[in-house]
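See below for the structure under consideration.
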Amino acid sequence: MVNLEWYRTFKAIYKTGTLTGAADSLFISQPGVSLHLGSLEAYVGYKLFDRTGRKMIPTERGKVLFNAILEPLTKLEEVEKNFQKSTEKTTPTISVGMCFETFQTTLEQYVSTLDFNLIINFGEYPEMLDQLDKGILDLIITPKKGTSPNILHEAFSSEQIILVGGKNVDTDNFKEVLKTKDFQKIEEWLKQDKWYGTTGDMEHLFQFWLQNFGHKPNFRPNYIVPNLNSIIRCLKGGNGLAVVPGFLCKDELESGEVKLIWEGEKKLENTLYFGCRKKTMYQAEIDHIKSLFRQVMDGI
């Protein structure tokens, strides 16, 4: 089934004569425009434009299609515009991508105070970067920078990745092993305990192990739970080990419910970035969300 946005993009290319001009007028990325055009051409079964230098010249069939859709599409856009007067224009909707744990620790407490609509998306970082570039997301919080020229990355905080354990873990014994500086013995000691991991993201464990032992872990966690916050709640039972961002268990570390086992021979820190498109209609709302994140992270 044809997507209405493909027609809207086709019209914008026809009117502006370039992919860049269409992207600017629609507030989406150029790759997103190319994707819409390619999908529409595949759907109708023929080329709609010839590319001459940087100019997009409509083919004869492209002209026929444009004339066929112009009036009904204009009417639909007018309906949308009238509807937005009482909804979207006064209450914009912002789509934000981040990991589940980050949302729970930072933005969740402020959702009810927002004067605009909010959609939170959870997913893998490469997928979120792609959705941001295509205009599906308006803002992402990520430890990884993308390469798209349409996206701005702004560093705003950092997270230290640490090894933590339940309060019953024998840290005194581990400290003695650490003193040997024998990393094979250190690794073997750690592998003797029970480990927690998550279904979707083992990257923290992989990074920590690679940083300290020069290779990825050659074992699988004993317990696989839904997310990092679940791991921390399980560790409060007293036993087991896990590698997690320190800010997620700050309160538990301070109360003694969870122990800091090891920061690593070399501390592992990830820079956290805001990612957003260079051109957006929602700058004020995005800036407000950014300020809430800074407020929380400064207090951690």
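Just remember, in the structure tokens the first chain shown is A, the second B, etc., residues are 1-based per chain, and ligands are 1-based in the order shown.
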
Residue set, region 40-186 of chain A restricted to strand (DSSP E), as a PyMOL selection string: chain A and resi 49-52+55-58+93-98+117-122+139-142+151-166

Can you list every residue in region 29-81 of chain A that DSSP puts in alpha helix (DSSP H), as a VMD selection string? chain A and resid 30 to 44 60 to 81

Just the number, please: distance in Å from CA of Glu269 (chain A) to CA of Gln160 (chain A), one decimal. 4.3 Å

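By chain and then residue number, the residues within 10 Å of Phe27 (chain A) are Gly21, Ala22, Ala23, Asp24, Gln30, Lys134, Gly135, Arg277, Lys278, Lys279, Thr280 and Met281 of chain A, counting only C-alpha atoms and disregarding those fewer than 3 positions away in sequence.
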
Could you turn the residues from that selection into a file that holds N, CA and C atoms, as a short mmCIF file (atom, residue, chain, number, x, y, z; two decimals), in the first residue's frame?
```cif
data_model
loop_
_atom_site.label_atom_id
_atom_site.label_comp_id
_atom_site.auth_asym_id
_atom_site.auth_seq_id
_atom_site.Cartn_x
_atom_site.Cartn_y
_atom_site.Cartn_z
N GLY A 21 16.41 20.66 -1.32
CA GLY A 21 15.31 21.60 -1.14
C GLY A 21 14.08 20.92 -0.57
N ALA A 22 13.80 19.72 -1.05
CA ALA A 22 12.65 18.97 -0.52
C ALA A 22 12.86 18.62 0.95
N ALA A 23 14.09 18.20 1.29
CA ALA A 23 14.39 17.85 2.68
C ALA A 23 14.21 19.06 3.59
N ASP A 24 14.68 20.21 3.14
CA ASP A 24 14.56 21.44 3.94
C ASP A 24 13.09 21.82 4.15
N GLN A 30 17.96 14.34 3.84
CA GLN A 30 18.02 14.03 2.41
C GLN A 30 17.94 12.53 2.15
N LYS A 134 16.08 10.00 9.51
CA LYS A 134 14.93 9.92 8.61
C LYS A 134 13.75 10.75 9.09
N GLY A 135 13.88 11.39 10.26
CA GLY A 135 12.80 12.24 10.74
C GLY A 135 11.77 11.53 11.59
N ARG A 277 18.46 16.58 14.66
CA ARG A 277 18.69 17.07 13.30
C ARG A 277 19.04 18.56 13.33
N LYS A 278 19.80 19.01 12.35
CA LYS A 278 20.21 20.40 12.30
C LYS A 278 19.02 21.33 12.10
N LYS A 279 18.00 20.83 11.42
CA LYS A 279 16.82 21.65 11.18
C LYS A 279 15.61 20.97 11.80
N THR A 280 14.93 21.67 12.69
CA THR A 280 13.77 21.10 13.37
C THR A 280 12.77 22.20 13.69
N MET A 281 11.51 21.82 13.74
CA MET A 281 10.45 22.76 14.11
C MET A 281 10.25 22.81 15.62
#
```

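We find CA of Val44 (chain A) and CA of Phe66 (chain A) to be spaced 12.6 Å apart.
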
Within 7 Å of region 118-124 of chain A, counting only C-alpha atoms, which residues show up once you throw out same-chain ones fewer than 5 positions away? Write them as number ranges by chain, please. A: 93-100

Export N, CA and C atoms of the chosen residues as a compact mmCIF listing (two decimals), in the first residue's frame?
```
# COMPACT_ATOMS: atom_id res chain seq x y z
N THR A 93 4.13 17.24 19.17
CA THR A 93 4.53 15.91 19.64
C THR A 93 6.00 15.68 19.34
N ILE A 94 6.76 15.35 20.39
CA ILE A 94 8.19 15.14 20.27
C ILE A 94 8.49 13.66 20.48
N SER A 95 9.26 13.07 19.57
CA SER A 95 9.65 11.66 19.68
C SER A 95 11.11 11.59 20.11
N VAL A 96 11.36 10.89 21.21
CA VAL A 96 12.70 10.83 21.78
C VAL A 96 13.13 9.37 21.91
N GLY A 97 14.35 9.08 21.51
CA GLY A 97 14.90 7.72 21.61
C GLY A 97 16.01 7.63 22.64
N MET A 98 15.98 6.59 23.44
CA MET A 98 17.02 6.35 24.45
C MET A 98 16.87 4.92 24.95
N CYS A 99 17.78 4.49 25.79
CA CYS A 99 17.63 3.16 26.37
C CYS A 99 16.64 3.22 27.53
N PHE A 100 16.03 2.10 27.84
CA PHE A 100 14.97 2.03 28.84
C PHE A 100 15.46 2.52 30.21
```

Can you pull out every residue within 9 Å of region 32-35 of chain A, counting only C-alpha atoms, but drop anything in the same chain fewer than 4 positions away, and send it as number ranges by chain? A: 6, 9-10, 13, 19-20, 22-23, 26, 28, 39-40, 133-135

Which of these, A:Phe208, A:Arg8, A:Phe247, A:Pro149, has the shortest distance to Leu73 (chain A) once you count only C-alpha atoms?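 Of the candidates, the smallest distance to Leu73 (chain A) is held by A:Arg8.
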